[in-house]
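entry05.cif, holding mmCIF, C-alpha atoms and all ligand atoms:
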```cif
data_coords
loop_
_atom_site.label_atom_id
_atom_site.label_comp_id
_atom_site.auth_asym_id
_atom_site.auth_seq_id
_atom_site.Cartn_x
_atom_site.Cartn_y
_atom_site.Cartn_z
CA MET G 18 -17.95 13.22 -16.48
CA GLN G 19 -15.73 15.40 -14.32
CA THR G 20 -12.64 13.59 -13.12
CA ARG G 21 -10.72 16.37 -11.41
CA PRO G 22 -11.82 18.99 -8.85
CA LYS G 23 -11.08 22.63 -9.76
CA GLN G 24 -9.14 23.35 -6.54
CA PRO G 25 -6.25 20.96 -5.84
CA LEU G 26 -6.56 19.14 -2.52
CA LYS G 27 -4.07 20.32 0.09
CA LEU G 28 -1.50 17.82 1.32
CA ASN G 29 0.74 19.19 4.06
CA LEU G 30 4.32 18.07 4.59
CA HIS G 31 3.40 15.87 7.57
CA ASP G 32 0.16 14.43 6.16
CA ILE G 33 -0.54 11.02 4.72
CA HIS G 34 -3.74 10.50 2.79
CA LEU G 35 -4.81 6.89 2.46
CA TRP G 36 -7.41 6.39 -0.28
CA LEU G 37 -9.69 3.35 -0.20
CA ALA G 38 -11.50 2.03 -3.30
CA PHE G 39 -14.04 -0.79 -3.13
CA PRO G 40 -13.93 -2.20 -6.68
CA ASP G 41 -17.08 -4.30 -6.38
CA GLU G 42 -19.09 -1.12 -5.73
CA ILE G 43 -17.83 0.68 -8.84
CA GLN G 44 -19.90 -0.64 -11.71
CA SER G 45 -21.46 2.34 -13.57
CA PRO G 46 -20.75 1.81 -17.30
CA GLU G 47 -20.20 5.55 -17.80
CA ARG G 48 -17.62 5.65 -15.08
CA LEU G 49 -15.85 2.51 -16.26
CA SER G 50 -15.57 3.82 -19.78
CA THR G 51 -14.09 7.11 -18.48
CA TYR G 52 -11.57 5.06 -16.55
CA GLN G 53 -10.77 2.97 -19.60
CA GLU G 54 -9.84 6.14 -21.50
CA MET G 55 -7.48 7.29 -18.76
CA MET G 56 -5.15 4.33 -19.27
CA THR G 57 -2.14 4.38 -21.56
CA LEU G 58 -2.03 1.88 -24.40
CA GLU G 59 0.49 -0.15 -22.41
CA GLU G 60 -1.89 -0.31 -19.44
CA GLN G 61 -4.76 -1.34 -21.71
CA VAL G 62 -2.65 -4.17 -23.11
CA GLN G 63 -1.69 -5.22 -19.60
CA GLN G 64 -5.34 -5.20 -18.53
CA GLN G 65 -6.29 -7.54 -21.37
CA ARG G 66 -3.67 -10.05 -20.24
CA PHE G 67 -5.83 -10.97 -17.22
CA HIS G 68 -7.88 -14.06 -17.91
CA PHE G 69 -10.77 -13.28 -15.53
CA SER G 70 -13.01 -10.21 -15.87
CA LYS G 71 -12.82 -9.71 -12.08
CA HIS G 72 -9.07 -9.16 -12.40
CA ARG G 73 -9.44 -6.88 -15.43
CA HIS G 74 -11.92 -4.84 -13.37
CA GLN G 75 -9.56 -4.71 -10.39
CA TYR G 76 -6.72 -3.55 -12.65
CA LEU G 77 -8.91 -0.83 -14.20
CA ILE G 78 -10.05 0.52 -10.83
CA THR G 79 -6.46 0.47 -9.56
CA ARG G 80 -5.23 2.57 -12.49
CA ALA G 81 -8.20 4.97 -12.13
CA LEU G 82 -7.66 5.24 -8.37
CA VAL G 83 -4.02 6.23 -8.83
CA ARG G 84 -4.58 8.60 -11.73
CA THR G 85 -7.65 10.45 -10.40
CA THR G 86 -6.27 10.56 -6.86
CA LEU G 87 -2.97 12.11 -7.95
CA SER G 88 -4.89 14.62 -10.06
CA ARG G 89 -6.63 15.86 -6.91
CA TYR G 90 -3.29 17.28 -5.77
CA ALA G 91 -2.07 18.89 -9.01
CA ASN G 92 -3.30 20.58 -12.16
CA ILE G 93 -2.74 17.49 -14.26
CA GLU G 94 -5.46 15.47 -15.97
CA PRO G 95 -5.65 11.81 -14.88
CA HIS G 96 -4.55 10.49 -18.28
CA GLN G 97 -1.46 12.74 -18.28
CA TRP G 98 0.43 11.04 -15.45
CA ARG G 99 3.45 9.00 -16.51
CA PHE G 100 5.23 6.49 -14.33
CA SER G 101 8.62 4.83 -14.23
CA LYS G 102 9.59 1.71 -12.30
CA ASN G 103 12.68 1.08 -10.24
CA ALA G 104 14.75 -2.11 -10.63
CA TYR G 105 12.37 -3.94 -8.26
CA GLY G 106 9.15 -2.83 -9.97
CA ARG G 107 8.16 0.05 -7.72
CA PRO G 108 6.23 2.69 -9.69
CA GLU G 109 7.12 6.37 -9.26
CA ILE G 110 5.74 9.52 -10.86
CA ILE G 111 7.87 10.93 -13.67
CA PRO G 112 8.30 14.58 -12.55
CA GLN G 113 6.54 17.28 -14.56
CA ALA G 114 6.83 21.07 -14.25
CA GLY G 115 4.50 22.55 -11.64
CA VAL G 116 3.65 19.22 -10.02
CA PRO G 117 4.28 18.86 -6.25
CA PRO G 118 6.78 16.14 -5.19
CA LEU G 119 4.09 13.50 -4.63
CA ARG G 120 4.96 9.93 -3.67
CA PHE G 121 2.49 7.08 -3.55
CA ASN G 122 2.20 3.36 -2.95
CA LEU G 123 -0.53 0.91 -3.83
CA SER G 124 -1.86 -2.38 -2.59
CA HIS G 125 -4.76 -4.53 -3.76
CA THR G 126 -6.55 -7.53 -2.38
CA ASP G 127 -9.93 -9.13 -2.84
CA GLY G 128 -12.54 -6.37 -2.35
CA LEU G 129 -10.24 -3.45 -1.56
CA ILE G 130 -7.56 -1.32 -3.21
CA ILE G 131 -5.62 1.26 -1.22
CA CYS G 132 -3.33 4.08 -2.29
CA GLY G 133 -1.19 6.05 0.17
CA VAL G 134 -0.11 9.55 -0.88
CA VAL G 135 2.52 11.70 0.78
CA LEU G 136 4.99 14.46 -0.12
CA LYS G 137 8.60 13.43 -0.79
CA GLN G 138 8.97 10.57 1.71
CA ASP G 139 9.24 6.82 1.10
CA ILE G 140 5.90 5.19 1.85
CA GLY G 141 4.76 1.57 1.69
CA VAL G 142 1.23 0.27 2.12
CA ASP G 143 -0.17 -3.23 2.27
CA VAL G 144 -3.71 -4.56 2.56
CA GLU G 145 -4.74 -8.18 2.97
CA ASN G 146 -8.10 -9.91 3.09
CA LYS G 147 -8.03 -12.00 6.25
CA GLU G 148 -10.50 -14.44 4.76
CA ARG G 149 -7.85 -15.73 2.38
CA THR G 150 -6.93 -19.28 3.13
CA GLY G 151 -3.31 -20.17 3.23
CA ALA G 152 -0.61 -21.89 5.13
CA MET G 153 -0.32 -19.30 7.87
CA ILE G 154 2.17 -21.14 10.06
CA GLU G 155 4.36 -22.19 7.12
CA ILE G 156 4.50 -18.59 5.88
CA ALA G 157 5.39 -17.32 9.34
CA ASP G 158 8.11 -19.97 9.73
CA ARG G 159 9.52 -19.14 6.35
CA PHE G 160 9.32 -15.33 6.29
CA PHE G 161 9.01 -13.92 9.80
CA SER G 162 11.90 -13.22 12.17
CA GLN G 163 12.56 -15.66 15.02
CA GLN G 164 11.20 -13.15 17.50
CA GLU G 165 7.96 -12.70 15.53
CA VAL G 166 7.51 -16.48 15.23
CA ARG G 167 8.08 -16.88 18.99
CA ASP G 168 5.54 -14.16 19.72
CA LEU G 169 2.99 -15.78 17.39
CA TYR G 170 3.31 -19.23 18.95
CA ALA G 171 3.09 -17.75 22.46
CA LEU G 172 -0.40 -16.37 21.76
CA PRO G 173 -3.61 -18.29 22.41
CA GLU G 174 -4.59 -19.99 19.15
CA LYS G 175 -7.63 -17.82 18.49
CA GLN G 176 -5.51 -14.63 18.54
CA ARG G 177 -2.87 -15.96 16.16
CA ARG G 178 -4.67 -15.23 12.92
CA ASN G 179 -5.02 -11.50 13.66
CA ARG G 180 -1.43 -11.22 14.86
CA PHE G 181 -0.23 -13.10 11.79
CA PHE G 182 -1.90 -10.53 9.52
CA ASP G 183 -0.52 -7.68 11.65
CA TYR G 184 3.02 -8.94 11.04
CA TRP G 185 2.40 -9.82 7.42
CA THR G 186 1.01 -6.37 6.48
CA LEU G 187 3.63 -4.51 8.52
CA LYS G 188 6.50 -6.47 6.95
CA GLU G 189 5.11 -6.03 3.44
CA SER G 190 4.56 -2.30 3.97
CA TYR G 191 8.16 -1.89 5.16
CA ILE G 192 9.71 -3.69 2.18
CA LYS G 193 7.43 -1.72 -0.11
CA ALA G 194 8.50 1.58 1.48
CA ARG G 195 12.12 0.54 0.87
CA GLY G 196 11.08 -0.18 -2.73
CA MET G 197 13.05 -3.41 -2.89
CA GLY G 198 10.33 -6.04 -2.69
CA LEU G 199 11.29 -9.51 -1.53
CA SER G 200 14.97 -8.92 -2.28
CA LEU G 201 15.04 -7.44 1.24
CA PRO G 202 15.42 -10.38 3.65
CA LEU G 203 12.24 -10.49 5.73
CA GLU G 204 13.89 -12.22 8.68
CA GLN G 205 16.43 -9.39 9.07
CA PHE G 206 13.93 -7.04 10.67
CA SER G 207 11.41 -7.59 13.39
CA PHE G 208 8.29 -5.81 14.57
CA LEU G 209 7.71 -5.61 18.29
CA MET G 210 4.08 -5.52 19.28
CA SER G 211 3.08 -5.07 22.84
CA THR G 212 -0.31 -3.93 24.09
CA ASN G 213 1.10 -1.16 26.23
CA GLN G 214 3.83 0.13 23.94
CA ALA G 215 3.99 1.87 20.58
CA LEU G 216 4.67 -0.31 17.58
CA ARG G 217 8.42 -0.61 17.06
CA ILE G 218 10.84 -2.16 14.59
CA THR G 219 14.31 -3.57 15.15
CA PHE G 220 16.89 -4.24 12.46
CA ASP G 221 19.60 -6.80 12.07
CA SER G 222 22.92 -4.91 11.66
CA ARG G 223 23.14 -6.23 8.06
CA LEU G 224 20.12 -4.12 7.11
CA GLN G 225 21.70 -0.79 8.14
CA ASP G 226 18.50 1.04 8.96
CA ASP G 227 17.48 3.22 11.89
CA PRO G 228 14.21 2.48 13.77
CA ASP G 229 13.84 6.17 14.73
CA LYS G 230 13.33 7.12 11.09
CA TRP G 231 10.14 5.09 10.81
CA GLN G 232 6.49 5.54 11.68
CA PHE G 233 3.96 2.72 11.32
CA TRP G 234 0.21 2.33 11.32
CA LEU G 235 -1.91 -0.82 11.63
CA LEU G 236 -5.48 -0.42 10.39
CA LYS G 237 -8.58 -2.61 10.46
CA LEU G 238 -10.24 -1.13 7.40
CA THR G 239 -13.25 -3.44 7.22
CA GLU G 240 -14.34 -6.58 9.00
CA HIS G 241 -12.11 -8.58 6.62
CA HIS G 242 -9.42 -6.14 5.57
CA GLN G 243 -6.25 -5.48 7.50
CA ALA G 244 -3.73 -2.88 6.33
CA ALA G 245 -0.42 -1.40 7.40
CA ILE G 246 1.55 1.67 6.41
CA SER G 247 5.28 2.29 6.79
CA LEU G 248 6.61 5.81 6.41
CA CYS G 249 10.23 6.93 6.43
CA ARG G 250 9.99 10.30 8.16
CA GLU G 251 11.96 13.36 7.17
CA SER G 252 12.62 14.17 10.81
CA GLN G 253 11.20 12.72 14.01
CA VAL G 254 8.00 14.72 13.60
CA ASP G 255 4.91 12.48 13.71
CA TYR G 256 2.82 12.38 10.56
CA GLN G 257 -0.97 12.59 10.59
CA LEU G 258 -2.96 9.96 8.74
CA LYS G 259 -6.27 10.73 7.06
CA LEU G 260 -8.47 8.05 5.49
CA MET G 261 -10.39 9.01 2.34
CA VAL G 262 -12.95 6.85 0.55
CA TYR G 263 -12.54 7.03 -3.20
CA SER G 264 -15.72 7.95 -4.98
CA GLY G 265 -14.43 8.36 -8.53
C1 LIG J 301 5.62 -7.09 -5.28
C2 LIG J 301 5.55 -6.84 -3.82
C3 LIG J 301 6.22 -5.48 -3.61
C4 LIG J 301 4.11 -6.70 -3.31
O1 LIG J 301 3.33 -7.70 -3.78
P1 LIG J 301 1.87 -8.06 -3.28
O2 LIG J 301 1.77 -8.04 -1.79
O3 LIG J 301 1.55 -9.30 -3.97
O4 LIG J 301 0.94 -6.93 -3.90
P2 LIG J 301 0.30 -5.55 -3.40
O5 LIG J 301 -1.06 -5.53 -3.95
O6 LIG J 301 0.44 -5.29 -1.93
O7 LIG J 301 1.20 -4.46 -4.11
C5 LIG J 301 1.32 -4.41 -5.49
C6 LIG J 301 1.67 -3.00 -5.89
O8 LIG J 301 2.86 -2.59 -5.25
C7 LIG J 301 3.60 -1.73 -6.13
N1 LIG J 301 4.94 -2.31 -6.23
C8 LIG J 301 5.44 -3.19 -7.12
N2 LIG J 301 6.73 -3.45 -6.84
C9 LIG J 301 7.04 -2.70 -5.75
C10 LIG J 301 8.24 -2.52 -4.99
N3 LIG J 301 9.38 -3.12 -5.30
N4 LIG J 301 8.20 -1.67 -3.93
C11 LIG J 301 7.07 -1.02 -3.61
N5 LIG J 301 5.90 -1.15 -4.30
C12 LIG J 301 5.90 -1.98 -5.35
C13 LIG J 301 2.86 -1.70 -7.46
O9 LIG J 301 2.14 -0.48 -7.52
C14 LIG J 301 1.93 -2.90 -7.37
O10 LIG J 301 0.67 -2.70 -7.98
P3 LIG J 301 0.48 -2.58 -9.55
O11 LIG J 301 1.29 -3.69 -10.16
O12 LIG J 301 -0.98 -2.72 -9.76
O13 LIG J 301 1.00 -1.21 -9.90
C15 LIG J 301 6.36 -7.87 -3.03
O14 LIG J 301 6.46 -7.45 -1.70
C16 LIG J 301 5.88 -9.31 -3.11
O15 LIG J 301 6.03 -9.98 -4.10
N6 LIG J 301 5.28 -9.84 -2.07
C17 LIG J 301 4.73 -11.21 -2.05
C18 LIG J 301 3.99 -11.50 -0.79
C19 LIG J 301 4.79 -12.35 0.22
O16 LIG J 301 5.15 -13.48 -0.02
N7 LIG J 301 5.04 -11.80 1.42
C20 LIG J 301 5.75 -12.48 2.44
C21 LIG J 301 5.05 -12.47 3.78
S1 LIG J 301 5.46 -11.09 4.80
#
```
Please re-express this file's structure in structure tokens.
Ligand SMILES: CC(C)(COP(=O)(O)OP(=O)(O)OC[C@H]1O[C@@H](n2cnc3c(N)ncnc32)[C@H](O)[C@@H]1OP(=O)(O)O)[C@@H](O)C(=O)NCCC(=O)NCCS
Amino acid sequence: MQTRPKQPLKLNLHDIHLWLAFPDEIQSPERLSTYQEMMTLEEQVQQQRFHFSKHRHQYLITRALVRTTLSRYANIEPHQWRFSKNAYGRPEIIPQAGVPPLRFNLSHTDGLIICGVVLKQDIGVDVENKERTGAMIEIADRFFSQQEVRDLYALPEKQRRNRFFDYWTLKESYIKARGMGLSLPLEQFSFLMSTNQALRITFDSRLQDDPDKWQFWLLKLTEHHQAAISLCRESQVDYQLKLMVYSG
């Protein structure tokens, strides 16, 4: 089974490619065994730690998505990629000769895995399944900024769920782009969403970040899946987003 196209896919400096994999649709035994062989021993051990086969499958497709996707942009076989992690668990590609300066970020939820790929810049992606049940209001009160909470409560009740997931995915994508996970205080930055204005962020002075550096996207990927992307731009040039469905 071929896992890498002969011609590397072109990724321009101001492009983001967002790859979508639907794990429930990837079931061919031949394909799964190819994926299994792409993983390092450490990844295989990690996969076996999951108690439920659904989670082992999700893990396998995630690893395959990252490895085969990155191989589309470079002359490297999927099994040859090696990754390091920063102090907060963010994976990065260990540089190899002749490989472009690719950056990526991953997110998985029930029924969908996404992987954002870009050159050089910090990127964070988050996807959530809006069907998940959970204490929406408690989470907002605990993690959102005062302004976001006020905005949420001001909405008619039937619009709150969508707005909640807008904020949730945007906030997650931003902390993931910064690579610091939940050690970055979520109430110290605030997204401003207004129907007639572009999506904006404001920072508490303690966070020392500049709103002009950032570009954001909010995406309804399926009926149930909501995603967001945060990108720290090199300059104030707008990046172009392209969605790609992963087909192995
Ligand atoms: C770990 C965290 C970075 C993302 O967790 P998550 O939302 O549960 O999971 P996602 O599926 O979106 O992302 C996981 C992927 O992010 C990547 N990742 C891990 N640590 C990361 C970090 N510090 N920065 C960026 N990406 C990171 C990994 O690739 C990981 O997948 P992998 O383990 O399969 O390689 C962190 O933000 C977290 O724990 N969030 C909890 C959710 C929450 O309570 N949010 C508050 C409401 S806004």
message: Can you pull out every residue with an atom within 9 Å of ligand LIG 301 (chain J)? Use all atoms listed in the file and format it as a VMD selection string.
response: chain G and resid 75 to 76 79 to 80 102 to 109 121 to 126 130 to 132 140 to 145 156 to 157 159 to 161 182 184 to 200 203
Expected file: the selected residues, C-alpha atoms, as a tab-separated table (two decimals), keeping the file's coordinate frame:
```
chain	number	residue	atom	x	y	z
G	75	GLN	CA	-9.56	-4.71	-10.39
G	76	TYR	CA	-6.72	-3.55	-12.65
G	79	THR	CA	-6.46	0.47	-9.56
G	80	ARG	CA	-5.23	2.57	-12.49
G	102	LYS	CA	9.59	1.71	-12.30
G	103	ASN	CA	12.68	1.08	-10.24
G	104	ALA	CA	14.75	-2.11	-10.63
G	105	TYR	CA	12.37	-3.94	-8.26
G	106	GLY	CA	9.15	-2.83	-9.97
G	107	ARG	CA	8.16	0.05	-7.72
G	108	PRO	CA	6.23	2.69	-9.69
G	109	GLU	CA	7.12	6.37	-9.26
G	121	PHE	CA	2.49	7.08	-3.55
G	122	ASN	CA	2.20	3.36	-2.95
G	123	LEU	CA	-0.53	0.91	-3.83
G	124	SER	CA	-1.86	-2.38	-2.59
G	125	HIS	CA	-4.76	-4.53	-3.76
G	126	THR	CA	-6.55	-7.53	-2.38
G	130	ILE	CA	-7.56	-1.32	-3.21
G	131	ILE	CA	-5.62	1.26	-1.22
G	132	CYS	CA	-3.33	4.08	-2.29
G	140	ILE	CA	5.90	5.19	1.85
G	141	GLY	CA	4.76	1.57	1.69
G	142	VAL	CA	1.23	0.27	2.12
G	143	ASP	CA	-0.17	-3.23	2.27
G	144	VAL	CA	-3.71	-4.56	2.56
G	145	GLU	CA	-4.74	-8.18	2.97
G	156	ILE	CA	4.50	-18.59	5.88
G	157	ALA	CA	5.39	-17.32	9.34
G	159	ARG	CA	9.52	-19.14	6.35
G	160	PHE	CA	9.32	-15.33	6.29
G	161	PHE	CA	9.01	-13.92	9.80
G	182	PHE	CA	-1.90	-10.53	9.52
G	184	TYR	CA	3.02	-8.94	11.04
G	185	TRP	CA	2.40	-9.82	7.42
G	186	THR	CA	1.01	-6.37	6.48
G	187	LEU	CA	3.63	-4.51	8.52
G	188	LYS	CA	6.50	-6.47	6.95
G	189	GLU	CA	5.11	-6.03	3.44
G	190	SER	CA	4.56	-2.30	3.97
G	191	TYR	CA	8.16	-1.89	5.16
G	192	ILE	CA	9.71	-3.69	2.18
G	193	LYS	CA	7.43	-1.72	-0.11
G	194	ALA	CA	8.50	1.58	1.48
G	195	ARG	CA	12.12	0.54	0.87
G	196	GLY	CA	11.08	-0.18	-2.73
G	197	MET	CA	13.05	-3.41	-2.89
G	198	GLY	CA	10.33	-6.04	-2.69
G	199	LEU	CA	11.29	-9.51	-1.53
G	200	SER	CA	14.97	-8.92	-2.28
G	203	LEU	CA	12.24	-10.49	5.73
```
message: So, with only C-alpha atoms as the atoms that count, which of G:Trp231, G:Arg180, G:Gly133, G:Ala171 lies closest to Glu251 in chain G?
response: G:Trp231
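Restricting the calculation to only C-alpha atoms, the smallest distance between Arg89 in chain G and any of G:Lys259, G:His34, G:Met210, G:Ser247 is found for G:His34.
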field: Gap from CA of Ile43 in chain G to CA of Thr85 in chain G - Å, one decimal
entry: 14.2 Å
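Across the structure, CA of Glu42 in chain G and CA of Leu82 in chain G are spaced 13.3 Å apart.
Rounded to one decimal, CA of Phe233 in chain G and CA of Ser207 in chain G lie 12.9 Å from each other.
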statement: From the list G:Ala38, G:Glu54, G:Val83, G:Pro117, the nearest residue to Pro25 in chain G using all atoms listed in the file is G:Pro117
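Closest approach to Ser162 in chain G among G:Asp183, G:Phe206, G:Gln138, G:Ile93 is made by G:Phe206 (distances from all atoms listed in the file).
All polymer residues at most 9 Å from (-8.5, -7.8, 3.0), using only C-alpha atoms, appear as His125, Thr126, Asp127, Gly128, Leu129, Val144, Glu145, Asn146, Lys147, Glu148, Arg149, Leu238, Thr239, Glu240, His241, His242, Gln243 and Ala244 of chain G.
Minimum atom-to-atom distances from G:Ala245, G:Met56, G:Val116, G:Ile111 to Ala81 in chain G were compared using all atoms listed in the file, and the lowest value belongs to G:Met56.
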- prompt: For Leu87 in chain G, which of G:Ser101, G:His74, G:Leu119, G:Asp158 is the closest residue, counting all atoms listed in the file?
  reply: G:Leu119
task: Would you mind listing what lies within 12 Å of Leu30 in chain G as a ChimeraX atom specification, with all atoms listed in the file counted and same-chain residues fewer than 5 positions away left out?
output: /G:117-120,134-138,250-252,254-258
Could you give me range 251-260 of chain G completed to all heavy atoms, formatted as a JSON list (two decimals), keeping the file's coordinate frame?
```
[["chain", "number", "residue", "atom", "x", "y", "z"],
["G", 251, "GLU", "N", 10.89, 12.42, 7.50],
["G", 251, "GLU", "CA", 11.96, 13.36, 7.17],
["G", 251, "GLU", "C", 12.74, 13.71, 8.44],
["G", 251, "GLU", "O", 13.94, 13.81, 8.46],
["G", 251, "GLU", "CB", 11.31, 14.62, 6.58],
["G", 251, "GLU", "CG", 12.31, 15.59, 6.03],
["G", 251, "GLU", "CD", 11.58, 16.83, 5.56],
["G", 251, "GLU", "OE1", 10.73, 17.35, 6.29],
["G", 251, "GLU", "OE2", 11.88, 17.26, 4.45],
["G", 252, "SER", "N", 12.00, 13.90, 9.52],
["G", 252, "SER", "CA", 12.62, 14.17, 10.81],
["G", 252, "SER", "C", 11.81, 13.33, 11.79],
["G", 252, "SER", "O", 11.00, 12.53, 11.38],
["G", 252, "SER", "CB", 12.49, 15.65, 11.13],
["G", 252, "SER", "OG", 11.12, 15.99, 11.08],
["G", 253, "GLN", "N", 11.98, 13.56, 13.09],
["G", 253, "GLN", "CA", 11.20, 12.72, 14.01],
["G", 253, "GLN", "C", 9.81, 13.26, 14.30],
["G", 253, "GLN", "O", 9.15, 12.85, 15.23],
["G", 253, "GLN", "CB", 12.00, 12.48, 15.28],
["G", 253, "GLN", "CG", 13.12, 11.50, 14.99],
["G", 253, "GLN", "CD", 13.71, 10.90, 16.24],
["G", 253, "GLN", "OE1", 13.10, 10.91, 17.30],
["G", 253, "GLN", "NE2", 14.92, 10.39, 16.12],
["G", 254, "VAL", "N", 9.36, 14.18, 13.46],
["G", 254, "VAL", "CA", 8.00, 14.72, 13.60],
["G", 254, "VAL", "C", 7.00, 13.63, 13.23],
["G", 254, "VAL", "O", 7.18, 12.92, 12.23],
["G", 254, "VAL", "CB", 7.81, 15.91, 12.62],
["G", 254, "VAL", "CG1", 6.38, 16.44, 12.70],
["G", 254, "VAL", "CG2", 8.81, 16.99, 12.90],
["G", 255, "ASP", "N", 5.93, 13.48, 14.04],
["G", 255, "ASP", "CA", 4.91, 12.48, 13.71],
["G", 255, "ASP", "C", 4.01, 12.97, 12.57],
["G", 255, "ASP", "O", 3.62, 14.13, 12.54],
["G", 255, "ASP", "CB", 4.04, 12.20, 14.94],
["G", 255, "ASP", "CG", 4.74, 11.21, 15.87],
["G", 255, "ASP", "OD1", 5.70, 10.55, 15.42],
["G", 255, "ASP", "OD2", 4.32, 11.12, 17.03],
["G", 256, "TYR", "N", 3.73, 12.07, 11.68],
["G", 256, "TYR", "CA", 2.82, 12.38, 10.56],
["G", 256, "TYR", "C", 1.38, 12.09, 10.99],
["G", 256, "TYR", "O", 1.13, 11.24, 11.85],
["G", 256, "TYR", "CB", 3.19, 11.53, 9.34],
["G", 256, "TYR", "CG", 4.34, 12.10, 8.55],
["G", 256, "TYR", "CD1", 5.59, 12.27, 9.11],
["G", 256, "TYR", "CD2", 4.16, 12.49, 7.22],
["G", 256, "TYR", "CE1", 6.64, 12.81, 8.39],
["G", 256, "TYR", "CE2", 5.20, 13.03, 6.48],
["G", 256, "TYR", "CZ", 6.44, 13.19, 7.08],
["G", 256, "TYR", "OH", 7.47, 13.73, 6.36],
["G", 257, "GLN", "N", 0.45, 12.78, 10.32],
["G", 257, "GLN", "CA", -0.97, 12.59, 10.59],
["G", 257, "GLN", "C", -1.59, 11.82, 9.43],
["G", 257, "GLN", "O", -1.41, 12.21, 8.27],
["G", 257, "GLN", "CB", -1.70, 13.95, 10.69],
["G", 257, "GLN", "CG", -1.19, 14.84, 11.81],
["G", 257, "GLN", "CD", -1.39, 14.20, 13.18],
["G", 257, "GLN", "OE1", -2.44, 13.62, 13.45],
["G", 257, "GLN", "NE2", -0.36, 14.28, 14.01],
["G", 258, "LEU", "N", -2.33, 10.78, 9.79],
["G", 258, "LEU", "CA", -2.96, 9.96, 8.74],
["G", 258, "LEU", "C", -4.43, 10.34, 8.60],
["G", 258, "LEU", "O", -5.15, 10.48, 9.59],
["G", 258, "LEU", "CB", -2.86, 8.48, 9.14],
["G", 258, "LEU", "CG", -3.62, 7.49, 8.27],
["G", 258, "LEU", "CD1", -3.02, 7.43, 6.86],
["G", 258, "LEU", "CD2", -3.60, 6.10, 8.90],
["G", 259, "LYS", "N", -4.86, 10.47, 7.33],
["G", 259, "LYS", "CA", -6.27, 10.73, 7.06],
["G", 259, "LYS", "C", -6.77, 9.68, 6.08],
["G", 259, "LYS", "O", -6.12, 9.45, 5.04],
["G", 259, "LYS", "CB", -6.37, 12.13, 6.44],
["G", 259, "LYS", "CG", -7.77, 12.68, 6.44],
["G", 259, "LYS", "CD", -7.71, 14.16, 6.10],
["G", 259, "LYS", "CE", -9.10, 14.70, 5.93],
["G", 259, "LYS", "NZ", -9.12, 16.05, 5.42],
["G", 260, "LEU", "N", -7.89, 9.04, 6.41],
["G", 260, "LEU", "CA", -8.47, 8.05, 5.49],
["G", 260, "LEU", "C", -9.49, 8.72, 4.60],
["G", 260, "LEU", "O", -10.29, 9.53, 5.06],
["G", 260, "LEU", "CB", -9.18, 6.93, 6.27],
["G", 260, "LEU", "CG", -8.35, 6.06, 7.20],
["G", 260, "LEU", "CD1", -9.19, 4.90, 7.73],
["G", 260, "LEU", "CD2", -7.12, 5.52, 6.49]]
```
